[in-house]
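Novice: File start.cif below, mmCIF, N, CA, C and O atoms:
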data_protein
#
loop_
_atom_site.label_atom_id
_atom_site.label_comp_id
_atom_site.auth_asym_id
_atom_site.auth_seq_id
_atom_site.Cartn_x
_atom_site.Cartn_y
_atom_site.Cartn_z
N MET G 1 -72.89 135.94 9.04
CA MET G 1 -72.18 136.99 9.72
C MET G 1 -73.07 138.20 9.93
O MET G 1 -72.89 138.94 10.88
N ALA G 2 -74.04 138.40 9.03
CA ALA G 2 -74.92 139.56 9.16
C ALA G 2 -75.85 139.42 10.37
O ALA G 2 -76.28 140.42 10.93
N ILE G 3 -76.15 138.20 10.78
CA ILE G 3 -77.07 137.98 11.90
C ILE G 3 -76.39 138.27 13.23
O ILE G 3 -76.98 138.83 14.13
N HIS G 4 -75.14 137.86 13.39
CA HIS G 4 -74.42 138.01 14.65
C HIS G 4 -73.18 138.88 14.45
O HIS G 4 -72.18 138.42 13.91
N PRO G 5 -73.22 140.13 14.94
CA PRO G 5 -72.03 140.96 14.80
C PRO G 5 -70.89 140.49 15.70
O PRO G 5 -69.75 140.86 15.52
N TRP G 6 -71.18 139.68 16.71
CA TRP G 6 -70.15 139.10 17.57
C TRP G 6 -70.55 137.67 17.89
O TRP G 6 -71.73 137.37 18.11
N LEU G 7 -69.58 136.77 17.90
CA LEU G 7 -69.85 135.36 18.13
C LEU G 7 -68.67 134.76 18.89
O LEU G 7 -67.52 134.94 18.46
N PRO G 8 -68.92 134.06 20.01
CA PRO G 8 -67.81 133.38 20.68
C PRO G 8 -67.23 132.31 19.76
O PRO G 8 -67.97 131.56 19.13
N LEU G 9 -65.94 132.26 19.67
CA LEU G 9 -65.27 131.34 18.74
C LEU G 9 -65.64 129.89 19.03
O LEU G 9 -65.78 129.09 18.10
N ARG G 10 -65.83 129.55 20.29
CA ARG G 10 -66.18 128.16 20.63
C ARG G 10 -67.51 127.72 20.02
O ARG G 10 -67.75 126.53 19.86
N ASP G 11 -68.37 128.68 19.71
CA ASP G 11 -69.68 128.33 19.13
C ASP G 11 -69.56 127.71 17.75
O ASP G 11 -70.50 127.05 17.29
N VAL G 12 -68.46 127.90 17.06
CA VAL G 12 -68.30 127.31 15.72
C VAL G 12 -67.58 125.97 15.74
O VAL G 12 -67.46 125.33 14.71
N PHE G 13 -67.10 125.53 16.90
CA PHE G 13 -66.39 124.25 16.98
C PHE G 13 -67.18 123.09 16.36
O PHE G 13 -66.63 122.33 15.57
N PRO G 14 -68.48 122.92 16.71
CA PRO G 14 -69.21 121.79 16.11
C PRO G 14 -69.31 121.88 14.59
O PRO G 14 -69.16 120.87 13.90
N LEU G 15 -69.54 123.08 14.07
CA LEU G 15 -69.64 123.23 12.62
C LEU G 15 -68.30 122.94 11.94
O LEU G 15 -68.26 122.21 10.94
N ILE G 16 -67.22 123.45 12.49
CA ILE G 16 -65.89 123.20 11.92
C ILE G 16 -65.61 121.70 11.95
O ILE G 16 -65.13 121.13 10.96
N GLY G 17 -65.91 121.05 13.06
CA GLY G 17 -65.69 119.61 13.17
C GLY G 17 -66.49 118.82 12.15
O GLY G 17 -65.97 117.90 11.51
N ALA G 18 -67.75 119.19 11.97
CA ALA G 18 -68.61 118.49 11.00
C ALA G 18 -68.10 118.69 9.58
O ALA G 18 -68.06 117.73 8.79
N LEU G 19 -67.68 119.90 9.25
CA LEU G 19 -67.15 120.15 7.90
C LEU G 19 -65.88 119.34 7.66
O LEU G 19 -65.71 118.74 6.60
N ARG G 20 -65.00 119.32 8.63
CA ARG G 20 -63.76 118.55 8.46
C ARG G 20 -64.04 117.06 8.37
O ARG G 20 -63.42 116.35 7.57
N ASN G 21 -64.98 116.57 9.17
CA ASN G 21 -65.32 115.14 9.11
C ASN G 21 -65.89 114.75 7.76
O ASN G 21 -65.76 113.59 7.34
N ASN G 22 -66.51 115.70 7.08
CA ASN G 22 -67.07 115.45 5.75
C ASN G 22 -66.12 115.87 4.63
O ASN G 22 -66.54 116.04 3.49
N LYS G 23 -64.85 116.07 5.01
CA LYS G 23 -63.78 116.40 4.05
C LYS G 23 -64.03 117.71 3.30
O LYS G 23 -63.59 117.89 2.17
N ARG G 24 -64.72 118.62 3.95
CA ARG G 24 -64.97 119.96 3.38
C ARG G 24 -64.00 120.94 4.03
O ARG G 24 -64.39 121.89 4.69
N ILE G 25 -62.72 120.66 3.85
CA ILE G 25 -61.65 121.39 4.52
C ILE G 25 -61.64 122.87 4.13
O ILE G 25 -61.48 123.74 5.00
N ALA G 26 -61.80 123.18 2.86
CA ALA G 26 -61.79 124.58 2.42
C ALA G 26 -62.94 125.35 3.07
O ALA G 26 -62.76 126.49 3.51
N ASP G 27 -64.12 124.73 3.17
CA ASP G 27 -65.25 125.37 3.82
C ASP G 27 -64.98 125.57 5.31
O ASP G 27 -65.29 126.62 5.88
N ALA G 28 -64.40 124.55 5.95
CA ALA G 28 -64.08 124.65 7.37
C ALA G 28 -63.12 125.80 7.62
O ALA G 28 -63.31 126.59 8.55
N ARG G 29 -62.10 125.91 6.80
CA ARG G 29 -61.12 126.99 6.98
C ARG G 29 -61.76 128.36 6.72
O ARG G 29 -61.49 129.32 7.45
N ARG G 30 -62.60 128.45 5.72
CA ARG G 30 -63.27 129.72 5.42
C ARG G 30 -64.16 130.15 6.59
O ARG G 30 -64.12 131.31 7.02
N ILE G 31 -64.95 129.22 7.12
CA ILE G 31 -65.83 129.52 8.25
C ILE G 31 -65.00 129.90 9.48
O ILE G 31 -65.32 130.85 10.20
N TRP G 32 -63.90 129.18 9.72
CA TRP G 32 -63.02 129.51 10.85
C TRP G 32 -62.47 130.93 10.71
O TRP G 32 -62.51 131.71 11.66
N ASP G 33 -61.97 131.26 9.53
CA ASP G 33 -61.42 132.60 9.30
C ASP G 33 -62.47 133.67 9.54
O ASP G 33 -62.17 134.72 10.13
N GLN G 34 -63.71 133.44 9.10
CA GLN G 34 -64.79 134.40 9.34
C GLN G 34 -65.12 134.49 10.83
O GLN G 34 -65.32 135.58 11.36
N ALA G 35 -65.15 133.35 11.50
CA ALA G 35 -65.47 133.33 12.93
C ALA G 35 -64.39 134.04 13.74
O ALA G 35 -64.71 134.73 14.73
N VAL G 36 -63.15 133.89 13.35
CA VAL G 36 -62.05 134.59 14.03
C VAL G 36 -62.26 136.10 13.95
O VAL G 36 -62.09 136.82 14.93
N ILE G 37 -62.68 136.58 12.81
CA ILE G 37 -62.94 138.02 12.64
C ILE G 37 -64.11 138.47 13.50
O ILE G 37 -64.02 139.44 14.24
N VAL G 38 -65.23 137.72 13.42
CA VAL G 38 -66.44 138.09 14.15
C VAL G 38 -66.23 137.99 15.67
O VAL G 38 -66.83 138.74 16.43
N SER G 39 -65.34 137.11 16.11
CA SER G 39 -65.08 136.97 17.54
C SER G 39 -64.13 138.04 18.07
O SER G 39 -63.89 138.11 19.27
N GLY G 40 -63.58 138.84 17.16
CA GLY G 40 -62.65 139.89 17.58
C GLY G 40 -61.23 139.41 17.78
O GLY G 40 -60.44 140.07 18.44
N MET G 41 -60.88 138.25 17.21
CA MET G 41 -59.55 137.69 17.41
C MET G 41 -58.73 137.63 16.14
O MET G 41 -57.79 136.85 16.02
N ALA G 42 -59.05 138.48 15.18
CA ALA G 42 -58.34 138.46 13.90
C ALA G 42 -56.86 138.79 14.04
O ALA G 42 -56.05 138.36 13.22
N ASP G 43 -56.49 139.52 15.09
CA ASP G 43 -55.09 139.88 15.26
C ASP G 43 -54.22 138.72 15.73
O ASP G 43 -53.00 138.85 15.83
N LEU G 44 -54.81 137.55 15.97
CA LEU G 44 -54.05 136.38 16.41
C LEU G 44 -53.68 135.45 15.26
O LEU G 44 -53.15 134.37 15.49
N GLN G 45 -53.99 135.83 14.03
CA GLN G 45 -53.63 135.01 12.88
C GLN G 45 -52.11 134.82 12.83
O GLN G 45 -51.36 135.70 13.22
N GLY G 46 -51.69 133.69 12.33
CA GLY G 46 -50.27 133.41 12.18
C GLY G 46 -49.70 134.12 10.97
O GLY G 46 -50.37 134.92 10.32
N PRO G 47 -48.45 133.81 10.63
CA PRO G 47 -47.83 134.40 9.45
C PRO G 47 -48.63 134.05 8.19
O PRO G 47 -49.29 133.01 8.14
N PRO G 48 -48.59 134.90 7.16
CA PRO G 48 -49.31 134.61 5.91
C PRO G 48 -48.94 133.22 5.37
O PRO G 48 -47.78 132.84 5.34
N GLY G 49 -49.96 132.46 5.00
CA GLY G 49 -49.74 131.12 4.47
C GLY G 49 -49.56 130.05 5.53
O GLY G 49 -49.44 128.88 5.22
N SER G 50 -49.55 130.44 6.79
CA SER G 50 -49.35 129.47 7.87
C SER G 50 -50.68 128.86 8.28
O SER G 50 -51.73 129.49 8.22
N VAL G 51 -50.64 127.62 8.74
CA VAL G 51 -51.83 126.98 9.30
C VAL G 51 -51.96 127.29 10.78
O VAL G 51 -52.94 126.93 11.41
N LEU G 52 -50.99 127.98 11.34
CA LEU G 52 -50.96 128.28 12.76
C LEU G 52 -51.88 129.44 13.10
O LEU G 52 -51.87 130.47 12.43
N TRP G 53 -52.68 129.27 14.14
CA TRP G 53 -53.51 130.34 14.66
C TRP G 53 -53.24 130.45 16.15
O TRP G 53 -53.17 129.45 16.85
N ASP G 54 -53.07 131.64 16.64
CA ASP G 54 -52.84 131.91 18.06
C ASP G 54 -51.57 131.23 18.56
O ASP G 54 -51.56 130.54 19.57
N GLY G 55 -50.50 131.45 17.84
CA GLY G 55 -49.23 130.83 18.18
C GLY G 55 -48.68 131.21 19.54
O GLY G 55 -47.89 130.49 20.12
N GLY G 56 -49.11 132.35 20.06
CA GLY G 56 -48.66 132.77 21.38
C GLY G 56 -49.60 132.39 22.50
O GLY G 56 -49.38 132.76 23.65
N PHE G 57 -50.67 131.66 22.20
CA PHE G 57 -51.66 131.19 23.17
C PHE G 57 -52.38 132.33 23.89
O PHE G 57 -52.90 132.16 24.98
N GLU G 58 -52.44 133.52 23.29
CA GLU G 58 -53.07 134.65 23.94
C GLU G 58 -54.59 134.54 24.08
O GLU G 58 -55.17 135.12 24.99
N SER G 59 -55.24 133.82 23.18
CA SER G 59 -56.70 133.81 23.17
C SER G 59 -57.31 133.04 24.33
O SER G 59 -58.41 133.34 24.77
N GLY G 60 -56.65 132.00 24.78
CA GLY G 60 -57.24 131.11 25.78
C GLY G 60 -58.25 130.15 25.18
O GLY G 60 -58.86 129.36 25.89
N VAL G 61 -58.43 130.20 23.86
CA VAL G 61 -59.36 129.32 23.17
C VAL G 61 -58.63 128.03 22.81
O VAL G 61 -57.62 128.06 22.13
N THR G 62 -59.14 126.90 23.27
CA THR G 62 -58.55 125.60 22.96
C THR G 62 -59.65 124.57 22.80
O THR G 62 -60.79 124.79 23.20
N GLY G 63 -59.31 123.46 22.19
CA GLY G 63 -60.20 122.32 22.19
C GLY G 63 -61.08 122.10 20.98
O GLY G 63 -61.88 121.18 20.97
N GLY G 64 -60.96 122.92 19.95
CA GLY G 64 -61.79 122.71 18.78
C GLY G 64 -61.46 123.67 17.66
O GLY G 64 -60.62 124.55 17.81
N GLY G 65 -62.14 123.49 16.54
CA GLY G 65 -61.89 124.34 15.39
C GLY G 65 -60.44 124.20 14.94
O GLY G 65 -59.93 123.10 14.82
N TYR G 66 -59.80 125.33 14.73
CA TYR G 66 -58.38 125.33 14.40
C TYR G 66 -57.56 125.92 15.55
O TYR G 66 -56.50 126.48 15.35
N SER G 67 -58.09 125.78 16.77
CA SER G 67 -57.36 126.21 17.95
C SER G 67 -56.47 125.06 18.43
O SER G 67 -56.51 123.96 17.90
N TRP G 68 -55.69 125.35 19.45
CA TRP G 68 -54.80 124.32 20.00
C TRP G 68 -55.61 123.21 20.66
O TRP G 68 -56.62 123.47 21.31
N LEU G 69 -55.16 121.98 20.49
CA LEU G 69 -55.76 120.82 21.13
C LEU G 69 -54.69 120.20 22.02
O LEU G 69 -53.61 119.82 21.53
N PHE G 70 -54.96 120.11 23.31
CA PHE G 70 -54.00 119.55 24.26
C PHE G 70 -54.55 118.26 24.84
O PHE G 70 -55.68 118.24 25.32
N PRO G 71 -53.75 117.20 24.84
CA PRO G 71 -54.20 115.97 25.51
C PRO G 71 -54.36 116.23 27.01
O PRO G 71 -53.63 117.04 27.58
N GLU G 72 -55.31 115.55 27.63
CA GLU G 72 -55.51 115.68 29.07
C GLU G 72 -54.22 115.30 29.80
O GLU G 72 -53.52 114.37 29.41
N GLY G 73 -53.92 116.02 30.85
CA GLY G 73 -52.76 115.69 31.67
C GLY G 73 -51.43 116.15 31.11
O GLY G 73 -50.38 115.83 31.66
N LEU G 74 -51.44 116.89 30.01
CA LEU G 74 -50.20 117.37 29.41
C LEU G 74 -49.59 118.44 30.31
O LEU G 74 -50.20 119.46 30.58
N ARG G 75 -48.39 118.19 30.79
CA ARG G 75 -47.72 119.14 31.67
C ARG G 75 -46.23 119.20 31.31
O ARG G 75 -45.68 118.29 30.72
N ASN G 76 -45.62 120.30 31.70
CA ASN G 76 -44.18 120.49 31.51
C ASN G 76 -43.74 120.30 30.07
O ASN G 76 -42.77 119.61 29.79
N MET G 77 -44.47 120.92 29.18
CA MET G 77 -44.13 120.86 27.76
C MET G 77 -43.85 122.27 27.27
O MET G 77 -44.41 123.25 27.76
N GLN G 78 -42.98 122.36 26.28
CA GLN G 78 -42.68 123.64 25.65
C GLN G 78 -43.11 123.56 24.20
O GLN G 78 -42.78 122.59 23.51
N PHE G 79 -43.83 124.56 23.73
CA PHE G 79 -44.29 124.62 22.36
C PHE G 79 -43.45 125.65 21.62
O PHE G 79 -43.19 126.73 22.13
N SER G 80 -43.04 125.31 20.41
CA SER G 80 -42.27 126.26 19.60
C SER G 80 -42.59 126.02 18.14
O SER G 80 -43.26 125.06 17.78
N ILE G 81 -42.09 126.92 17.28
CA ILE G 81 -42.30 126.80 15.84
C ILE G 81 -41.00 126.36 15.19
O ILE G 81 -39.94 126.93 15.45
N ASP G 82 -41.08 125.34 14.36
CA ASP G 82 -39.95 124.91 13.56
C ASP G 82 -39.87 125.87 12.37
O ASP G 82 -40.71 125.82 11.47
N ALA G 83 -38.89 126.76 12.38
CA ALA G 83 -38.79 127.81 11.36
C ALA G 83 -38.64 127.25 9.95
O ALA G 83 -39.11 127.85 8.98
N GLN G 84 -38.00 126.10 9.79
CA GLN G 84 -37.81 125.53 8.47
C GLN G 84 -39.11 124.94 7.92
O GLN G 84 -39.34 124.94 6.72
N GLU G 85 -39.93 124.42 8.79
CA GLU G 85 -41.17 123.77 8.36
C GLU G 85 -42.39 124.64 8.59
O GLU G 85 -43.46 124.34 8.10
N ASN G 86 -42.26 125.71 9.41
CA ASN G 86 -43.38 126.57 9.79
C ASN G 86 -44.50 125.75 10.42
O ASN G 86 -45.68 125.92 10.13
N THR G 87 -44.10 124.80 11.28
CA THR G 87 -45.06 123.95 11.97
C THR G 87 -44.77 123.97 13.47
O THR G 87 -43.63 124.18 13.89
N PRO G 88 -45.79 123.74 14.29
CA PRO G 88 -45.56 123.67 15.73
C PRO G 88 -44.76 122.43 16.11
O PRO G 88 -44.81 121.41 15.42
N GLU G 89 -44.02 122.54 17.20
CA GLU G 89 -43.24 121.43 17.72
C GLU G 89 -43.46 121.37 19.22
O GLU G 89 -43.46 122.41 19.88
N ILE G 90 -43.67 120.19 19.78
CA ILE G 90 -43.86 120.02 21.21
C ILE G 90 -42.62 119.31 21.75
O ILE G 90 -42.25 118.24 21.26
N VAL G 91 -42.03 119.89 22.78
CA VAL G 91 -40.80 119.35 23.36
C VAL G 91 -41.00 119.18 24.86
O VAL G 91 -41.40 120.13 25.53
N PRO G 92 -40.70 117.98 25.41
CA PRO G 92 -40.80 117.80 26.86
C PRO G 92 -39.76 118.67 27.57
O PRO G 92 -38.65 118.83 27.09
N CYS G 93 -40.14 119.24 28.70
CA CYS G 93 -39.23 120.04 29.51
C CYS G 93 -38.90 119.28 30.78
O CYS G 93 -39.79 118.93 31.54
N GLY G 94 -37.63 119.07 31.03
CA GLY G 94 -37.18 118.42 32.28
C GLY G 94 -37.57 117.04 32.35
O GLY G 94 -38.07 116.21 32.70
#
Would you kindly transcribe this structure into C-alpha cells?

Specialist:
Amino acid sequence: MAIHPWLPLRDVFPLIGALRNNKRIADARRIWDQAVIVSGMADLQGPPGSVLWDGGFESGVTGGGYSWLFPEGLRNMQFSIDAQENTPEIVPCG
C-alpha cells in the first residue's frame, strides 16, 4: 500500500483469485479490503459482518475479486438482499 497511494480495484483481481484458489481466503479478504480503501471505494462496504460489497452496484466494478459476477447474457433480473440470511438473491423479472 505504501508504493501505490491509488490502485484500480480490477488490478487486484488476479491476486485475489490466486489466493482463493490456494484456499487462502483470509488473505484474499484482507487484500480485497485494503484494495477497496486504496481504490477510494471504502464507502461501498456492506453492513458490518456482511460478505456483500457494493450492494447498490454503484462502483461499476464487476467480474473479479469480491465484486459482482454476472453470467454472460443475464438480462431482466432483479437483485435483492434476503434480510433473514443477509445474502444476495437473484429473481427473474417478467

Novice: What is the atom CA of Ala42 of chain G to atom C of Gly73 of chain G distance in Å?

Specialist: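 One can read the atom CA of Ala42 of chain G to atom C of Gly73 of chain G distance as 29.0 Å.
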
Novice: Do you know which residues are at most 7 Å from Gly17 of chain G counting all atoms listed in the file, after dropping those on the same chain fewer than 4 positions away, and could you put them as a PDB file with N, CA, C and O atoms, in the coordinates of the input?

Specialist:
ATOM      1  N   VAL G  12     -68.460 127.900  17.060  1.00  0.00           N
ATOM      2  CA  VAL G  12     -68.300 127.310  15.720  1.00  0.00           C
ATOM      3  C   VAL G  12     -67.580 125.970  15.740  1.00  0.00           C
ATOM      4  O   VAL G  12     -67.460 125.330  14.710  1.00  0.00           O
ATOM      5  N   PHE G  13     -67.100 125.530  16.900  1.00  0.00           N
ATOM      6  CA  PHE G  13     -66.390 124.250  16.980  1.00  0.00           C
ATOM      7  C   PHE G  13     -67.180 123.090  16.360  1.00  0.00           C
ATOM      8  O   PHE G  13     -66.630 122.330  15.570  1.00  0.00           O
ATOM      9  N   ASN G  21     -64.980 116.570   9.170  1.00  0.00           N
ATOM     10  CA  ASN G  21     -65.320 115.140   9.110  1.00  0.00           C
ATOM     11  C   ASN G  21     -65.890 114.750   7.760  1.00  0.00           C
ATOM     12  O   ASN G  21     -65.760 113.590   7.340  1.00  0.00           O
ATOM     13  N   ASN G  22     -66.510 115.700   7.080  1.00  0.00           N
ATOM     14  CA  ASN G  22     -67.070 115.450   5.750  1.00  0.00           C
ATOM     15  C   ASN G  22     -66.120 115.870   4.630  1.00  0.00           C
ATOM     16  O   ASN G  22     -66.540 116.040   3.490  1.00  0.00           O
ATOM     17  N   LYS G  23     -64.850 116.070   5.010  1.00  0.00           N
ATOM     18  CA  LYS G  23     -63.780 116.400   4.050  1.00  0.00           C
ATOM     19  C   LYS G  23     -64.030 117.710   3.300  1.00  0.00           C
ATOM     20  O   LYS G  23     -63.590 117.890   2.170  1.00  0.00           O
ATOM     21  N   ALA G  28     -64.400 124.550   5.950  1.00  0.00           N
ATOM     22  CA  ALA G  28     -64.080 124.650   7.370  1.00  0.00           C
ATOM     23  C   ALA G  28     -63.120 125.800   7.620  1.00  0.00           C
ATOM     24  O   ALA G  28     -63.310 126.590   8.550  1.00  0.00           O
ATOM     25  N   GLY G  64     -60.960 122.920  19.950  1.00  0.00           N
ATOM     26  CA  GLY G  64     -61.790 122.710  18.780  1.00  0.00           C
ATOM     27  C   GLY G  64     -61.460 123.670  17.660  1.00  0.00           C
ATOM     28  O   GLY G  64     -60.620 124.550  17.810  1.00  0.00           O
ATOM     29  N   GLY G  65     -62.140 123.490  16.540  1.00  0.00           N
ATOM     30  CA  GLY G  65     -61.890 124.340  15.390  1.00  0.00           C
ATOM     31  C   GLY G  65     -60.440 124.200  14.940  1.00  0.00           C
ATOM     32  O   GLY G  65     -59.930 123.100  14.820  1.00  0.00           O
TER      33      GLY G  65
END

Novice: Which residue, G:Ile25, G:Gln34, G:Val61, G:Phe70, has the smallest gap to Arg10 of chain G when you use all atoms listed in the file?

Specialist: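 When distances to Arg10 of chain G are compared using all atoms listed in the file, the smallest one comes from G:Val61.
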
Novice: Atom CA of Ile31 of chain G to atom CA of Glu72 of chain G: how many Å, to one decimal?

Specialist: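 It comes out at 27.0 Å.
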
Novice: Taking the file as shown, what set of residues would the PyMOL selection byres (((chain G and resi 68 and name CA) around 10) and name CA) give back, as an NGL selection string?

Specialist: :G and (52-55 or 57 or 60-67 or 69-70)

Novice: Output N, CA, C and O atoms for every residue in the selection just made, as a PDB file, keeping the file's coordinate frame.

Specialist:
ATOM      1  N   LEU G  52     -50.990 127.980  11.340  1.00  0.00           N
ATOM      2  CA  LEU G  52     -50.960 128.280  12.760  1.00  0.00           C
ATOM      3  C   LEU G  52     -51.880 129.440  13.100  1.00  0.00           C
ATOM      4  O   LEU G  52     -51.870 130.470  12.430  1.00  0.00           O
ATOM      5  N   TRP G  53     -52.680 129.270  14.140  1.00  0.00           N
ATOM      6  CA  TRP G  53     -53.510 130.340  14.660  1.00  0.00           C
ATOM      7  C   TRP G  53     -53.240 130.450  16.150  1.00  0.00           C
ATOM      8  O   TRP G  53     -53.170 129.450  16.850  1.00  0.00           O
ATOM      9  N   ASP G  54     -53.070 131.640  16.640  1.00  0.00           N
ATOM     10  CA  ASP G  54     -52.840 131.910  18.060  1.00  0.00           C
ATOM     11  C   ASP G  54     -51.570 131.230  18.560  1.00  0.00           C
ATOM     12  O   ASP G  54     -51.560 130.540  19.570  1.00  0.00           O
ATOM     13  N   GLY G  55     -50.500 131.450  17.840  1.00  0.00           N
ATOM     14  CA  GLY G  55     -49.230 130.830  18.180  1.00  0.00           C
ATOM     15  C   GLY G  55     -48.680 131.210  19.540  1.00  0.00           C
ATOM     16  O   GLY G  55     -47.890 130.490  20.120  1.00  0.00           O
ATOM     17  N   PHE G  57     -50.670 131.660  22.200  1.00  0.00           N
ATOM     18  CA  PHE G  57     -51.660 131.190  23.170  1.00  0.00           C
ATOM     19  C   PHE G  57     -52.380 132.330  23.890  1.00  0.00           C
ATOM     20  O   PHE G  57     -52.900 132.160  24.980  1.00  0.00           O
ATOM     21  N   GLY G  60     -56.650 132.000  24.780  1.00  0.00           N
ATOM     22  CA  GLY G  60     -57.240 131.110  25.780  1.00  0.00           C
ATOM     23  C   GLY G  60     -58.250 130.150  25.180  1.00  0.00           C
ATOM     24  O   GLY G  60     -58.860 129.360  25.890  1.00  0.00           O
ATOM     25  N   VAL G  61     -58.430 130.200  23.860  1.00  0.00           N
ATOM     26  CA  VAL G  61     -59.360 129.320  23.170  1.00  0.00           C
ATOM     27  C   VAL G  61     -58.630 128.030  22.810  1.00  0.00           C
ATOM     28  O   VAL G  61     -57.620 128.060  22.130  1.00  0.00           O
ATOM     29  N   THR G  62     -59.140 126.900  23.270  1.00  0.00           N
ATOM     30  CA  THR G  62     -58.550 125.600  22.960  1.00  0.00           C
ATOM     31  C   THR G  62     -59.650 124.570  22.800  1.00  0.00           C
ATOM     32  O   THR G  62     -60.790 124.790  23.200  1.00  0.00           O
ATOM     33  N   GLY G  63     -59.310 123.460  22.190  1.00  0.00           N
ATOM     34  CA  GLY G  63     -60.200 122.320  22.190  1.00  0.00           C
ATOM     35  C   GLY G  63     -61.080 122.100  20.980  1.00  0.00           C
ATOM     36  O   GLY G  63     -61.880 121.180  20.970  1.00  0.00           O
ATOM     37  N   GLY G  64     -60.960 122.920  19.950  1.00  0.00           N
ATOM     38  CA  GLY G  64     -61.790 122.710  18.780  1.00  0.00           C
ATOM     39  C   GLY G  64     -61.460 123.670  17.660  1.00  0.00           C
ATOM     40  O   GLY G  64     -60.620 124.550  17.810  1.00  0.00           O
ATOM     41  N   GLY G  65     -62.140 123.490  16.540  1.00  0.00           N
ATOM     42  CA  GLY G  65     -61.890 124.340  15.390  1.00  0.00           C
ATOM     43  C   GLY G  65     -60.440 124.200  14.940  1.00  0.00           C
ATOM     44  O   GLY G  65     -59.930 123.100  14.820  1.00  0.00           O
ATOM     45  N   TYR G  66     -59.800 125.330  14.730  1.00  0.00           N
ATOM     46  CA  TYR G  66     -58.380 125.330  14.400  1.00  0.00           C
ATOM     47  C   TYR G  66     -57.560 125.920  15.550  1.00  0.00           C
ATOM     48  O   TYR G  66     -56.500 126.480  15.350  1.00  0.00           O
ATOM     49  N   SER G  67     -58.090 125.780  16.770  1.00  0.00           N
ATOM     50  CA  SER G  67     -57.360 126.210  17.950  1.00  0.00           C
ATOM     51  C   SER G  67     -56.470 125.060  18.430  1.00  0.00           C
ATOM     52  O   SER G  67     -56.510 123.960  17.900  1.00  0.00           O
ATOM     53  N   LEU G  69     -55.160 121.980  20.490  1.00  0.00           N
ATOM     54  CA  LEU G  69     -55.760 120.820  21.130  1.00  0.00           C
ATOM     55  C   LEU G  69     -54.690 120.200  22.020  1.00  0.00           C
ATOM     56  O   LEU G  69     -53.610 119.820  21.530  1.00  0.00           O
ATOM     57  N   PHE G  70     -54.960 120.110  23.310  1.00  0.00           N
ATOM     58  CA  PHE G  70     -54.000 119.550  24.260  1.00  0.00           C
ATOM     59  C   PHE G  70     -54.550 118.260  24.840  1.00  0.00           C
ATOM     60  O   PHE G  70     -55.680 118.240  25.320  1.00  0.00           O
TER      61      PHE G  70
END

Novice: Find the distance between atom CA of Gly40 of chain G and atom CA of Asp11 of chain G and write it in Å to one decimal.

Specialist: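 A separation of 13.6 Å between them.
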
Novice: Written as a ChimeraX atom specification, which residues does the PyMOL selection byres ((chain G and resi 6) around 6) give for the file shown?

Specialist: /G:4-5,7-8,38-39

Novice: Hey, could you patch up segment 11-15 of chain G with all heavy atoms and hand it over as a PDB file, keeping the file's coordinate frame?

Specialist:
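Result written to selection.pdb:
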ATOM      1  N   ASP G  11     -68.370 128.680  19.710  1.00  0.00           N
ATOM      2  CA  ASP G  11     -69.680 128.330  19.130  1.00  0.00           C
ATOM      3  C   ASP G  11     -69.560 127.710  17.750  1.00  0.00           C
ATOM      4  O   ASP G  11     -70.500 127.050  17.290  1.00  0.00           O
ATOM      5  CB  ASP G  11     -70.585 129.558  19.065  1.00  0.00           C
ATOM      6  CG  ASP G  11     -71.125 129.966  20.435  1.00  0.00           C
ATOM      7  OD1 ASP G  11     -70.811 129.292  21.439  1.00  0.00           O
ATOM      8  OD2 ASP G  11     -71.859 130.967  20.490  1.00  0.00           O
ATOM      9  N   VAL G  12     -68.460 127.900  17.060  1.00  0.00           N
ATOM     10  CA  VAL G  12     -68.300 127.310  15.720  1.00  0.00           C
ATOM     11  C   VAL G  12     -67.580 125.970  15.740  1.00  0.00           C
ATOM     12  O   VAL G  12     -67.460 125.330  14.710  1.00  0.00           O
ATOM     13  CB  VAL G  12     -67.615 128.270  14.722  1.00  0.00           C
ATOM     14  CG1 VAL G  12     -68.404 129.541  14.554  1.00  0.00           C
ATOM     15  CG2 VAL G  12     -66.183 128.538  15.105  1.00  0.00           C
ATOM     16  N   PHE G  13     -67.100 125.530  16.900  1.00  0.00           N
ATOM     17  CA  PHE G  13     -66.390 124.250  16.980  1.00  0.00           C
ATOM     18  C   PHE G  13     -67.180 123.090  16.360  1.00  0.00           C
ATOM     19  O   PHE G  13     -66.630 122.330  15.570  1.00  0.00           O
ATOM     20  CB  PHE G  13     -66.016 123.908  18.421  1.00  0.00           C
ATOM     21  CG  PHE G  13     -64.870 124.689  19.003  1.00  0.00           C
ATOM     22  CD1 PHE G  13     -64.221 125.692  18.294  1.00  0.00           C
ATOM     23  CD2 PHE G  13     -64.443 124.414  20.277  1.00  0.00           C
ATOM     24  CE1 PHE G  13     -63.166 126.400  18.847  1.00  0.00           C
ATOM     25  CE2 PHE G  13     -63.385 125.116  20.847  1.00  0.00           C
ATOM     26  CZ  PHE G  13     -62.757 126.108  20.130  1.00  0.00           C
ATOM     27  N   PRO G  14     -68.480 122.920  16.710  1.00  0.00           N
ATOM     28  CA  PRO G  14     -69.210 121.790  16.110  1.00  0.00           C
ATOM     29  C   PRO G  14     -69.310 121.880  14.590  1.00  0.00           C
ATOM     30  O   PRO G  14     -69.160 120.870  13.900  1.00  0.00           O
ATOM     31  CB  PRO G  14     -70.601 121.881  16.753  1.00  0.00           C
ATOM     32  CG  PRO G  14     -70.396 122.650  18.024  1.00  0.00           C
ATOM     33  CD  PRO G  14     -69.292 123.621  17.721  1.00  0.00           C
ATOM     34  N   LEU G  15     -69.540 123.080  14.070  1.00  0.00           N
ATOM     35  CA  LEU G  15     -69.640 123.230  12.620  1.00  0.00           C
ATOM     36  C   LEU G  15     -68.300 122.940  11.940  1.00  0.00           C
ATOM     37  O   LEU G  15     -68.260 122.210  10.940  1.00  0.00           O
ATOM     38  CB  LEU G  15     -70.113 124.642  12.257  1.00  0.00           C
ATOM     39  CG  LEU G  15     -70.171 124.975  10.767  1.00  0.00           C
ATOM     40  CD1 LEU G  15     -71.076 124.008  10.022  1.00  0.00           C
ATOM     41  CD2 LEU G  15     -70.603 126.423  10.568  1.00  0.00           C
TER      42      LEU G  15
END
